[in-house]
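Shown here: entry.txt, compact mmCIF, C-alpha atoms.
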```txt
# COMPACT_ATOMS: atom_id res chain seq x y z
CA MET M 8 -3.78 -3.40 -48.48
CA LEU M 9 -7.56 -3.08 -48.27
CA PRO M 10 -8.09 -6.84 -48.81
CA LEU M 11 -5.57 -7.54 -46.03
CA ILE M 12 -7.41 -5.28 -43.59
CA THR M 13 -10.84 -6.50 -44.63
CA GLY M 14 -9.82 -10.13 -44.24
CA ALA M 15 -8.41 -9.54 -40.76
CA VAL M 16 -11.50 -7.83 -39.34
CA GLU M 17 -14.04 -10.20 -37.81
CA ASP M 18 -15.75 -7.80 -35.39
CA ARG M 19 -16.74 -4.67 -37.35
CA SER M 20 -17.19 -2.44 -34.32
CA ALA M 21 -14.63 0.33 -33.74
CA ARG M 22 -12.95 -1.76 -31.07
CA GLY M 23 -12.90 -4.86 -33.28
CA ILE M 24 -11.37 -2.96 -36.20
CA ALA M 25 -8.71 -1.45 -33.94
CA ALA M 26 -7.91 -4.86 -32.46
CA ALA M 27 -7.54 -6.43 -35.92
CA MET M 28 -5.27 -3.60 -37.08
CA SER M 29 -3.19 -3.97 -33.93
CA ARG M 30 -2.71 -7.68 -34.66
CA LEU M 31 -1.60 -6.91 -38.21
CA ILE M 32 0.89 -4.30 -36.95
CA THR M 33 2.25 -6.55 -34.19
CA ALA M 34 2.68 -9.44 -36.66
CA GLY M 35 4.62 -7.16 -39.02
CA ARG M 36 2.07 -7.51 -41.82
CA LEU M 37 1.61 -3.74 -41.64
CA PRO M 38 5.21 -2.55 -41.19
CA PRO M 39 6.29 0.78 -39.68
CA GLY M 40 6.00 3.62 -42.17
CA GLU M 41 3.28 1.93 -44.23
CA ARG M 42 0.66 4.40 -45.39
CA LEU M 43 -2.88 3.31 -44.54
CA PRO M 44 -5.91 3.62 -46.83
CA THR M 45 -8.25 6.53 -46.17
CA VAL M 46 -10.95 6.22 -43.56
CA ARG M 47 -13.61 6.37 -46.29
CA ALA M 48 -11.93 3.60 -48.29
CA VAL M 49 -11.68 1.30 -45.26
CA ALA M 50 -15.26 2.05 -44.28
CA GLY M 51 -16.48 1.21 -47.78
CA SER M 52 -14.50 -2.03 -47.87
CA LEU M 53 -15.85 -3.14 -44.49
CA GLY M 54 -19.38 -1.92 -45.04
CA VAL M 55 -19.38 0.31 -41.96
CA SER M 56 -19.71 4.04 -41.41
CA PRO M 57 -16.66 6.33 -41.64
CA THR M 58 -17.40 7.33 -38.04
CA THR M 59 -16.76 3.76 -36.89
CA VAL M 60 -13.40 3.62 -38.69
CA SER M 61 -12.48 7.09 -37.39
CA GLU M 62 -13.09 5.88 -33.84
CA ALA M 63 -10.88 2.83 -34.48
CA TRP M 64 -8.15 5.06 -35.94
CA ARG M 65 -8.40 7.37 -32.93
CA ASN M 66 -7.92 4.46 -30.52
CA LEU M 67 -4.92 3.24 -32.51
CA THR M 68 -3.44 6.74 -32.48
CA LEU M 69 -3.89 7.06 -28.70
CA ALA M 70 -2.23 3.66 -28.30
CA GLY M 71 0.74 4.86 -30.39
CA ALA M 72 0.17 2.28 -33.14
CA ILE M 73 -0.47 4.78 -35.96
CA HIS M 74 0.05 8.50 -36.50
CA THR M 75 -1.34 11.14 -38.84
CA ARG M 76 0.75 13.48 -40.95
CA GLY M 77 -1.99 15.91 -41.86
CA ARG M 78 -2.82 15.88 -45.56
CA SER M 79 -0.04 13.36 -46.21
CA GLY M 80 -2.16 10.62 -44.69
CA THR M 81 -2.05 8.15 -41.80
CA TYR M 82 0.90 5.81 -41.26
CA VAL M 83 1.86 2.82 -39.15
CA ALA M 84 4.04 4.14 -36.33
CA GLY M 85 7.49 2.80 -35.64
CA PRO M 86 8.37 1.41 -32.22
CA SER M 87 8.57 4.14 -29.60
CA PRO M 88 10.86 3.83 -26.57
CA PRO M 89 9.08 3.07 -23.29
CA ARG M 90 8.51 6.07 -21.10
CA PHE M 91 10.54 4.57 -18.26
CA THR M 92 13.67 4.52 -20.45
CA ARG M 93 13.38 8.31 -20.79
CA LEU M 94 13.87 8.59 -17.03
CA GLY M 95 17.28 6.95 -17.20
CA ARG M 96 20.34 8.30 -15.52
CA SER M 97 22.66 10.74 -17.22
CA PRO M 98 25.41 9.09 -19.29
CA VAL M 99 27.91 11.12 -17.25
CA THR M 100 28.44 10.92 -13.51
CA LEU M 101 26.82 13.81 -11.69
CA ALA M 102 27.66 14.98 -8.20
CA LEU M 103 23.99 14.89 -7.16
CA ASP M 104 21.66 12.66 -9.16
CA LEU M 105 18.09 13.48 -8.18
CA SER M 106 16.51 11.72 -11.18
CA THR M 107 16.14 8.29 -9.63
CA GLY M 108 13.03 8.34 -7.41
CA VAL M 109 14.66 5.89 -4.99
CA PRO M 110 14.77 6.04 -1.17
CA ASP M 111 17.88 7.06 0.73
CA PRO M 112 19.74 3.81 1.58
CA ALA M 113 20.93 5.38 4.84
CA LEU M 114 17.31 5.65 6.03
CA LEU M 115 16.31 2.03 5.32
CA PRO M 116 16.12 -0.46 8.22
CA ASP M 117 19.00 -2.86 8.81
CA LEU M 118 17.99 -6.29 7.45
CA SER M 119 20.77 -8.27 9.17
CA ASP M 120 18.75 -9.67 12.08
CA ALA M 121 15.73 -10.46 9.91
CA LEU M 122 17.92 -12.21 7.33
CA ARG M 123 19.56 -14.32 10.02
CA ARG M 124 16.22 -15.40 11.41
CA ALA M 125 14.84 -16.17 7.93
CA GLY M 126 17.98 -18.10 7.01
CA ASP M 127 17.06 -21.21 9.01
CA GLY M 128 15.26 -22.58 5.91
CA ARG M 129 11.88 -23.18 7.48
CA TRP M 130 10.10 -21.49 4.54
CA ALA M 131 12.20 -22.87 1.70
CA GLY M 132 11.27 -26.52 1.53
CA SER M 133 8.09 -27.01 -0.52
CA TYR M 134 6.37 -26.26 -3.81
CA LEU M 135 3.01 -26.96 -2.23
CA ASP M 136 2.73 -24.52 0.66
CA GLU M 137 0.37 -21.56 0.50
CA PRO M 138 1.72 -18.73 -1.71
CA VAL M 139 1.55 -16.29 1.24
CA LEU M 140 2.91 -17.12 4.70
CA PRO M 141 -0.19 -17.42 6.92
CA ARG M 142 1.23 -15.19 9.64
CA LEU M 143 2.29 -12.56 7.08
CA GLU M 144 -1.22 -12.55 5.64
CA GLU M 145 -2.61 -11.96 9.13
CA VAL M 146 -0.28 -9.00 9.63
CA LEU M 147 -1.11 -7.57 6.20
CA ARG M 148 -4.85 -7.85 6.80
CA GLU M 149 -4.45 -6.00 10.10
CA ARG M 150 -2.70 -3.19 8.21
CA TRP M 151 -5.12 -3.10 5.23
CA PRO M 152 -7.25 0.05 4.85
CA PHE M 153 -10.38 -2.08 4.22
CA PRO M 154 -11.27 -5.78 4.61
CA PRO M 155 -10.11 -7.45 1.35
CA GLU M 156 -11.91 -10.54 0.06
CA ARG M 157 -8.59 -12.01 -1.10
CA LEU M 158 -4.98 -11.05 -0.57
CA THR M 159 -1.68 -12.18 -2.06
CA VAL M 160 1.98 -11.15 -2.30
CA VAL M 161 3.76 -10.39 -5.59
CA ASP M 162 7.19 -9.19 -6.70
CA GLY M 163 6.76 -5.46 -6.19
CA ALA M 164 4.12 -2.86 -7.01
CA LEU M 165 4.85 -2.82 -10.75
CA ASP M 166 4.48 -6.59 -10.86
CA ALA M 167 1.08 -6.17 -9.21
CA LEU M 168 0.00 -3.49 -11.70
CA ASP M 169 1.24 -5.54 -14.65
CA ARG M 170 -0.70 -8.62 -13.55
CA ILE M 171 -3.88 -6.68 -12.78
CA ILE M 172 -3.75 -4.95 -16.16
CA THR M 173 -3.17 -8.23 -18.00
CA ALA M 174 -6.01 -9.92 -16.14
CA THR M 175 -8.63 -7.21 -16.48
CA LEU M 176 -8.05 -5.01 -19.55
CA ARG M 177 -8.55 -5.56 -23.26
CA TYR M 178 -7.48 -3.67 -26.35
CA GLY M 179 -9.29 -0.35 -26.70
CA ASP M 180 -10.59 -0.24 -23.13
CA HIS M 181 -10.80 3.30 -21.77
CA VAL M 182 -8.81 3.71 -18.57
CA LEU M 183 -8.54 6.69 -16.21
CA VAL M 184 -5.27 7.74 -14.59
CA GLU M 185 -3.94 10.78 -12.80
CA ASN M 186 -2.26 13.43 -14.93
CA PRO M 187 0.66 13.47 -14.29
CA THR M 188 1.30 9.88 -13.23
CA PHE M 189 4.02 7.23 -12.95
CA PRO M 190 5.49 6.55 -16.46
CA PRO M 191 5.77 2.73 -16.17
CA LEU M 192 2.01 2.58 -15.53
CA LEU M 193 1.44 4.35 -18.85
CA ASP M 194 3.84 1.92 -20.54
CA LEU M 195 1.92 -1.06 -19.13
CA LEU M 196 -1.43 0.34 -20.24
CA GLN M 197 -0.08 1.08 -23.71
CA SER M 198 1.27 -2.49 -23.95
CA VAL M 199 -2.29 -3.88 -23.85
CA GLY M 200 -3.67 -1.18 -26.16
CA ALA M 201 -5.74 0.64 -23.56
CA THR M 202 -6.94 4.15 -24.32
CA VAL M 203 -5.62 6.28 -21.45
CA LEU M 204 -7.53 9.33 -20.20
CA GLY M 205 -5.85 11.73 -17.79
CA VAL M 206 -7.62 13.32 -14.84
CA PRO M 207 -5.96 16.51 -13.51
CA LEU M 208 -4.90 16.82 -9.88
CA ASP M 209 -5.21 19.55 -7.33
CA GLU M 210 -3.92 19.66 -3.75
CA SER M 211 -6.60 17.17 -2.60
CA GLY M 212 -6.35 14.56 -5.35
CA MET M 213 -8.18 13.88 -8.61
CA ASP M 214 -10.52 16.60 -9.89
CA PRO M 215 -14.05 15.25 -9.21
CA ALA M 216 -15.74 17.34 -11.90
CA VAL M 217 -13.44 16.10 -14.67
CA LEU M 218 -13.66 12.56 -13.32
CA ARG M 219 -17.46 12.64 -13.42
CA THR M 220 -17.49 13.97 -17.00
CA LEU M 221 -15.04 11.37 -18.29
CA ILE M 222 -16.96 8.52 -16.67
CA ALA M 223 -20.22 9.73 -18.21
CA ASP M 224 -18.79 10.44 -21.67
CA ARG M 225 -16.22 7.68 -22.14
CA ARG M 226 -17.41 4.80 -19.92
CA PRO M 227 -13.94 3.76 -18.72
CA VAL M 228 -13.52 0.26 -17.29
CA ALA M 229 -10.79 1.06 -14.77
CA LEU M 230 -9.35 3.87 -12.67
CA PHE M 231 -5.70 3.79 -11.53
CA LEU M 232 -4.61 6.18 -8.79
CA GLN M 233 -2.02 6.69 -6.06
CA PRO M 234 -3.92 7.52 -2.87
CA ARG M 235 -0.98 9.18 -1.08
CA ALA M 236 2.46 10.64 -1.84
CA GLN M 237 1.52 10.61 -5.52
CA ASN M 238 4.49 10.19 -7.85
CA PRO M 239 5.53 12.72 -9.14
CA THR M 240 3.56 15.49 -7.37
CA GLY M 241 3.50 14.28 -3.74
CA VAL M 242 -0.26 14.90 -3.50
CA SER M 243 -2.27 12.75 -1.07
CA MET M 244 -6.01 12.25 -1.44
CA THR M 245 -7.89 13.85 1.44
CA PRO M 246 -10.74 12.04 3.24
CA LYS M 247 -13.21 14.60 1.88
CA ARG M 248 -11.99 14.06 -1.68
CA ALA M 249 -12.08 10.28 -1.25
CA ALA M 250 -15.73 10.50 -0.20
CA ALA M 251 -16.55 12.72 -3.19
CA ILE M 252 -14.85 10.33 -5.63
CA ALA M 253 -16.60 7.34 -4.06
CA ARG M 254 -19.98 9.03 -4.62
CA ILE M 255 -19.14 9.45 -8.31
CA LEU M 256 -17.95 5.86 -8.65
CA ARG M 257 -21.15 4.46 -7.15
CA ASP M 258 -22.86 5.54 -10.37
CA ALA M 259 -20.33 3.54 -12.43
CA PRO M 260 -20.65 -0.04 -11.13
CA HIS M 261 -18.71 -1.39 -14.13
CA LEU M 262 -15.52 0.46 -13.16
CA LEU M 263 -12.63 -1.25 -11.30
CA VAL M 264 -10.40 0.90 -9.06
CA VAL M 265 -6.70 0.05 -8.65
CA GLU M 266 -4.77 1.89 -5.93
CA ASP M 267 -0.98 1.96 -5.90
CA ASP M 268 0.21 2.85 -2.38
CA HIS M 269 3.82 2.93 -3.53
CA ALA M 270 5.24 5.06 -0.69
CA GLY M 271 3.82 2.88 2.06
CA ASP M 272 5.02 3.59 5.57
CA ILE M 273 7.23 6.55 4.63
CA ALA M 274 4.15 8.53 3.58
CA GLY M 275 3.05 11.08 6.13
CA ALA M 276 -0.63 10.95 5.12
CA PRO M 277 -2.81 8.25 6.70
CA PRO M 278 -3.49 5.09 4.64
CA ILE M 279 -6.69 6.21 2.91
CA SER M 280 -8.50 4.02 0.38
CA LEU M 281 -11.62 4.09 -1.78
CA GLY M 282 -12.00 0.47 -0.66
CA ALA M 283 -13.45 1.82 2.58
CA TYR M 284 -16.45 2.88 0.45
CA LEU M 285 -16.39 0.31 -2.36
CA PRO M 286 -14.59 -2.78 -1.00
CA ARG M 287 -15.73 -5.09 -3.81
CA ARG M 288 -14.55 -2.70 -6.52
CA VAL M 289 -11.08 -1.73 -5.29
CA VAL M 290 -7.77 -3.56 -5.62
CA HIS M 291 -5.26 -1.98 -3.25
CA VAL M 292 -1.51 -2.49 -3.80
CA ALA M 293 0.80 -1.93 -0.83
CA SER M 294 4.53 -1.68 -1.57
CA PHE M 295 7.36 -2.08 0.94
CA SER M 296 10.23 -1.04 -1.34
CA LYS M 297 10.63 2.57 -0.23
CA SER M 298 10.01 1.88 3.45
CA HIS M 299 11.81 -1.42 4.04
CA GLY M 300 14.07 -2.01 1.04
CA PRO M 301 13.80 -2.03 -2.78
CA ASP M 302 15.57 -5.39 -3.09
CA LEU M 303 12.94 -7.15 -1.01
CA ARG M 304 10.91 -7.00 -4.26
CA LEU M 305 7.66 -7.48 -2.39
CA ALA M 306 4.24 -5.87 -2.51
CA ALA M 307 0.85 -7.06 -1.32
CA MET M 308 -2.35 -6.76 -3.30
CA GLY M 309 -5.81 -7.24 -1.85
CA GLY M 310 -9.36 -6.70 -2.99
CA PRO M 311 -12.12 -8.52 -4.87
CA ALA M 312 -11.56 -12.27 -5.04
CA ALA M 313 -12.52 -12.29 -8.72
CA VAL M 314 -9.48 -10.16 -9.60
CA VAL M 315 -6.92 -11.33 -7.05
CA GLU M 316 -7.57 -15.01 -7.72
CA GLN M 317 -6.96 -14.45 -11.45
CA VAL M 318 -3.51 -13.14 -10.56
CA ILE M 319 -2.81 -16.02 -8.16
CA GLU M 320 -3.86 -18.65 -10.71
CA ARG M 321 -1.86 -17.08 -13.56
CA ARG M 322 1.27 -16.91 -11.41
CA LEU M 323 1.08 -20.68 -10.93
CA LEU M 324 2.10 -20.98 -14.59
CA GLY M 325 5.13 -18.75 -14.00
CA PRO M 326 6.96 -17.98 -10.76
CA GLY M 327 4.25 -19.68 -8.68
CA TRP M 328 4.79 -17.53 -5.63
CA SER M 329 7.04 -14.80 -4.26
CA SER M 330 9.97 -16.17 -2.26
CA ARG M 331 8.79 -17.29 1.16
CA LEU M 332 12.27 -16.56 2.47
CA LEU M 333 11.78 -12.90 1.55
CA GLN M 334 8.26 -13.02 2.92
CA GLY M 335 9.76 -14.24 6.18
CA VAL M 336 12.13 -11.28 6.19
CA LEU M 337 9.24 -8.90 5.57
CA LEU M 338 7.20 -10.51 8.33
CA ASP M 339 10.09 -10.04 10.73
CA LEU M 340 10.44 -6.38 9.72
CA LEU M 341 6.73 -5.63 10.02
CA THR M 342 6.51 -7.12 13.51
CA SER M 343 9.67 -5.51 14.91
CA ALA M 344 9.22 -2.47 17.16
CA LYS M 345 12.81 -1.48 16.43
CA VAL M 346 12.17 -1.46 12.68
CA ALA M 347 8.90 0.43 13.14
CA ASP M 348 10.82 3.16 14.98
CA ARG M 349 13.42 3.23 12.21
CA VAL M 350 10.77 3.61 9.49
CA ALA M 351 9.02 6.34 11.49
CA ALA M 352 12.33 8.19 11.81
CA ALA M 353 12.85 7.91 8.05
CA ARG M 354 9.35 9.27 7.43
CA ASN M 355 10.09 12.28 9.61
CA THR M 356 13.46 12.85 7.96
CA TYR M 357 11.94 12.80 4.48
CA ALA M 358 9.33 15.32 5.63
CA GLU M 359 12.01 17.63 7.03
CA ARG M 360 14.00 17.43 3.78
CA ARG M 361 10.97 18.21 1.62
CA VAL M 362 9.93 21.15 3.77
CA ALA M 363 13.44 22.61 3.83
CA LEU M 364 13.90 22.36 0.07
CA LEU M 365 10.42 23.67 -0.72
CA HIS M 366 10.96 26.64 1.61
CA ALA M 367 14.26 27.50 -0.06
CA LEU M 368 12.69 27.23 -3.52
CA ARG M 369 9.68 29.37 -2.66
CA GLU M 370 11.96 32.09 -1.31
CA ARG M 371 13.42 32.19 -4.83
CA GLY M 372 10.05 32.30 -6.60
CA VAL M 373 10.12 28.70 -7.85
CA THR M 374 6.80 26.85 -8.23
CA ALA M 375 7.03 23.28 -6.91
CA SER M 376 5.01 20.70 -5.00
CA ALA M 377 6.26 18.03 -2.60
CA ALA M 378 3.53 17.50 -0.03
CA ASP M 379 4.46 13.91 0.84
CA GLY M 380 6.82 11.07 -0.04
CA ILE M 381 10.27 11.55 -1.54
CA ASN M 382 9.65 13.42 -4.81
CA LEU M 383 9.39 17.07 -5.82
CA TRP M 384 7.57 18.30 -8.97
CA MET M 385 9.05 21.57 -10.19
CA SER M 386 7.71 23.87 -12.88
CA VAL M 387 10.24 25.10 -15.47
CA PRO M 388 9.88 27.19 -18.65
CA ASP M 389 11.66 24.61 -20.83
CA GLN M 390 12.38 21.02 -19.80
CA GLN M 391 15.45 20.40 -21.94
CA ASN M 392 17.13 23.72 -21.16
CA ALA M 393 16.44 23.21 -17.45
CA MET M 394 18.06 19.77 -17.47
CA VAL M 395 21.12 21.12 -19.28
CA THR M 396 21.39 23.98 -16.78
CA LEU M 397 21.19 21.56 -13.85
CA ALA M 398 23.73 19.19 -15.41
CA ALA M 399 26.14 22.11 -15.59
CA HIS M 400 25.72 22.34 -11.80
CA GLY M 401 26.31 18.60 -11.44
CA ILE M 402 22.62 17.88 -10.71
CA GLY M 403 20.49 15.22 -12.39
CA ALA M 404 16.69 15.46 -12.72
CA ALA M 405 13.99 13.42 -14.43
CA PRO M 406 12.16 15.09 -17.34
CA GLY M 407 8.48 15.75 -16.75
CA THR M 408 7.17 14.73 -20.18
CA PRO M 409 7.13 10.94 -19.60
CA PHE M 410 4.80 11.49 -16.62
CA LEU M 411 2.14 13.24 -18.72
CA VAL M 412 -0.94 11.87 -20.44
CA THR M 413 -1.67 15.31 -21.88
CA PRO M 414 0.37 18.53 -21.58
CA LEU M 415 -0.08 20.72 -18.51
CA GLY M 416 0.78 24.03 -20.18
CA ARG M 417 4.23 24.31 -18.58
CA ASP M 418 7.18 21.97 -18.48
CA HIS M 419 8.24 20.21 -15.29
CA LEU M 420 11.05 18.23 -13.76
CA ARG M 421 10.80 15.57 -11.07
CA LEU M 422 13.51 15.57 -8.43
CA THR M 423 14.06 13.12 -5.59
CA ALA M 424 13.95 15.50 -2.65
CA GLY M 425 14.31 12.58 -0.24
CA LEU M 426 17.96 12.22 -1.24
CA VAL M 427 18.82 15.82 -0.28
CA ALA M 428 20.34 15.73 3.19
CA GLY M 429 21.58 19.32 3.40
CA GLY M 430 22.85 22.31 1.45
CA TYR M 431 19.32 23.42 0.65
CA ASP M 432 20.15 27.03 -0.11
CA ASP M 433 22.89 26.17 -2.61
CA LEU M 434 20.73 23.51 -4.25
CA ALA M 435 17.71 25.82 -4.39
CA GLY M 436 19.86 28.45 -6.08
CA ALA M 437 20.87 25.98 -8.78
CA LEU M 438 17.29 24.79 -9.22
CA ALA M 439 16.08 28.37 -9.45
CA SER M 440 18.55 29.06 -12.24
CA ALA M 441 16.84 26.26 -14.20
CA ALA M 442 13.29 27.12 -13.17
CA ILE M 443 13.41 30.85 -13.91
CA GLN M 444 15.60 30.87 -17.02
CA LEU M 445 13.31 33.25 -18.89
CA GLY M 446 12.11 35.37 -16.03
CA ARG M 447 9.38 34.78 -13.50
CA GLY M 448 6.29 33.37 -15.16
CA SER M 449 7.48 34.38 -18.64
CA GLY M 450 8.64 32.46 -21.67
CA PRO M 451 6.96 30.59 -24.49
CA ARG M 452 5.47 27.98 -22.15
CA GLY M 453 4.85 30.17 -19.15
CA ARG M 454 1.59 31.91 -20.02
CA GLY M 455 -0.30 30.67 -17.00
CA HIS M 456 -1.34 27.34 -15.57
CA PRO M 457 -4.21 25.19 -16.83
CA ARG M 458 -6.80 23.60 -14.61
CA GLY M 459 -5.13 21.07 -12.33
CA LEU M 460 -1.92 20.91 -10.33
CA MET M 461 0.51 23.45 -11.77
```

Can I see the file as structure tokens?
Amino acid sequence: MLPLITGAVEDRSARGIAAAMSRLITAGRLPPGERLPTVRAVAGSLGVSPTTVSEAWRNLTLAGAIHTRGRSGTYVAGPSPPRFTRLGRSPVTLALDLSTGVPDPALLPDLSDALRRAGDGRWAGSYLDEPVLPRLEEVLRERWPFPPERLTVVDGALDALDRIITATLRYGDHVLVENPTFPPLLDLLQSVGATVLGVPLDESGMDPAVLRTLIADRRPVALFLQPRAQNPTGVSMTPKRAAAIARILRDAPHLLVVEDDHAGDIAGAPPISLGAYLPRRVVHVASFSKSHGPDLRLAAMGGPAAVVEQVIERRLLGPGWSSRLLQGVLLDLLTSAKVADRVAAARNTYAERRVALLHALRERGVTASAADGINLWMSVPDQQNAMVTLAAHGIGAAPGTPFLVTPLGRDHLRLTAGLVAGGYDDLAGALASAAIQLGRGSGPRGRGHPRGLM
């Protein structure tokens, strides 16, 4: 095996060794379960220091490509299921499935009038028109939290994140994210072999002290965050915290910021962005799925021309553009006073539901956060036992583990509080039975909270 590895490595830096190993694993030349040579043996074969190989091995381990079994050695890892698949619905039908993270269909605006107006075909006749309807771009720029150099429309927020990651990141790049964060983002970063570093949250957003240390020590190339209604915690970045983070980022001119404003107009917090401080370093993604309809499949992304134009040009070799018919529907919705009132009503309803459920939980001694958006992040002594307990009550919840970069010290569940339209006391009683299974604050995983949100 040593000759195979040695022959594959062209760049003998830690990143180059990790990249070569990744190619061998992806091509099946190093199959799952294969035991790797020792770090010292690889270092000797390549003529590099053991420290360099150890760094490469560490990056491969963080990317999930290899794993160590203590004294038994290091092995090629088998394929692991994506995190998003671990959020799937229960195989049985539950009376109240709060695992989904989706908006309440009853609170979405009626699309009938907008669909009728878009159905006249005026936007469906050419391959050569601009990828974004000019009038829609005007409206989006008016709504943007900072003046973007370039703006385009893609097929949802995850499509935007996927394309940004593909365009800007390389194997072994260090990337900062919130901890906890949205599992599909972690899947996307793992797919390109990025080394993900988690920054803990408090009630105001990312912890500035930890952020500063990680930037200084690890020189990350990108920072991904959700500026408001963070999924899963509901935290929104405050203006004071945004200013503090911007001051830190000014000392890291190499670092790109990507903001995922997934909640959009149903978020109660104002549309805050680090782009107000660093407009040429921030790509902001604005989704309309939760506010105007998931099946619109539209999100806008705007920021530095160097990044956005890469996405636009690459899409020309695939879908080309997002449906102008759907863009026409979105334009109609965004310029309708009636729809604006409907979205505002939904925002208020979601806030009332979160407050009611949080109040009922706190009366029962349950630790949870749901400051904004549609989700609630609840602390439990044991994730699996809590999910079984809730299933016995006919309630579905998403496990907290897929949201984590590193453990928080206690288990959690994410529940879609936005789908709870009543019966808060009964629901809170069932949730409390799962959250306090071993007694208040006790149990094998309940010995106190680490630094960060819960």

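Interatomic distance, atom CA of Pro277 of chain M against atom CA of Arg235 of chain M: 8.0 Å.
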
(request) Considering only C-alpha atoms, return as a ChimeraX atom specification whatever protein or nucleic-acid residues lie within 10 Å of segment 213-225 of chain M, sequence-local ones (same chain, fewer than 4 positions apart) excluded. (result) /M:180-186,204-209,229-230,232-234,242-244,248-249,251-256,258-259,262,458-460

Let me see the file: selected residues, C-alpha atoms, as a short mmCIF file (atom, residue, chain, number, x, y, z; two decimals), in the frame of the given file.
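Just written: out20.cif:
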```cif
data_model
loop_
_atom_site.label_atom_id
_atom_site.label_comp_id
_atom_site.auth_asym_id
_atom_site.auth_seq_id
_atom_site.Cartn_x
_atom_site.Cartn_y
_atom_site.Cartn_z
CA ASP M 180 -10.59 -0.24 -23.13
CA HIS M 181 -10.80 3.30 -21.77
CA VAL M 182 -8.81 3.71 -18.57
CA LEU M 183 -8.54 6.69 -16.21
CA VAL M 184 -5.27 7.74 -14.59
CA GLU M 185 -3.94 10.78 -12.80
CA ASN M 186 -2.26 13.43 -14.93
CA LEU M 204 -7.53 9.33 -20.20
CA GLY M 205 -5.85 11.73 -17.79
CA VAL M 206 -7.62 13.32 -14.84
CA PRO M 207 -5.96 16.51 -13.51
CA LEU M 208 -4.90 16.82 -9.88
CA ASP M 209 -5.21 19.55 -7.33
CA ALA M 229 -10.79 1.06 -14.77
CA LEU M 230 -9.35 3.87 -12.67
CA LEU M 232 -4.61 6.18 -8.79
CA GLN M 233 -2.02 6.69 -6.06
CA PRO M 234 -3.92 7.52 -2.87
CA VAL M 242 -0.26 14.90 -3.50
CA SER M 243 -2.27 12.75 -1.07
CA MET M 244 -6.01 12.25 -1.44
CA ARG M 248 -11.99 14.06 -1.68
CA ALA M 249 -12.08 10.28 -1.25
CA ALA M 251 -16.55 12.72 -3.19
CA ILE M 252 -14.85 10.33 -5.63
CA ALA M 253 -16.60 7.34 -4.06
CA ARG M 254 -19.98 9.03 -4.62
CA ILE M 255 -19.14 9.45 -8.31
CA LEU M 256 -17.95 5.86 -8.65
CA ASP M 258 -22.86 5.54 -10.37
CA ALA M 259 -20.33 3.54 -12.43
CA LEU M 262 -15.52 0.46 -13.16
CA ARG M 458 -6.80 23.60 -14.61
CA GLY M 459 -5.13 21.07 -12.33
CA LEU M 460 -1.92 20.91 -10.33
#
```

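The residue that comes closest to Ala48 of chain M, out of M:Ala15, M:Ile24, M:Ala283, M:Met8 and on the basis of all atoms listed in the file, is M:Met8.
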
(request) Name all residues at most 8 Å from segment 162-168 of chain M (count all atoms listed in the file; drop same-chain ones fewer than 2 positions away) and give them as a ChimeraX atom specification. (result) /M:160,170-172,191-192,267,269,292-296,304-308,329

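Within 12 Å of Tyr431 of chain M, once only C-alpha atoms are used and residues closer than 6 positions along the same chain are dropped, the contacting residues are Glu359, Arg360, Arg361, Val362, Ala363, Leu364, Leu365, His366, Ala367, Leu368, Arg369, Glu370, Arg371, Ala424, Gly425, Ala437, Leu438 and Ala439 of chain M.
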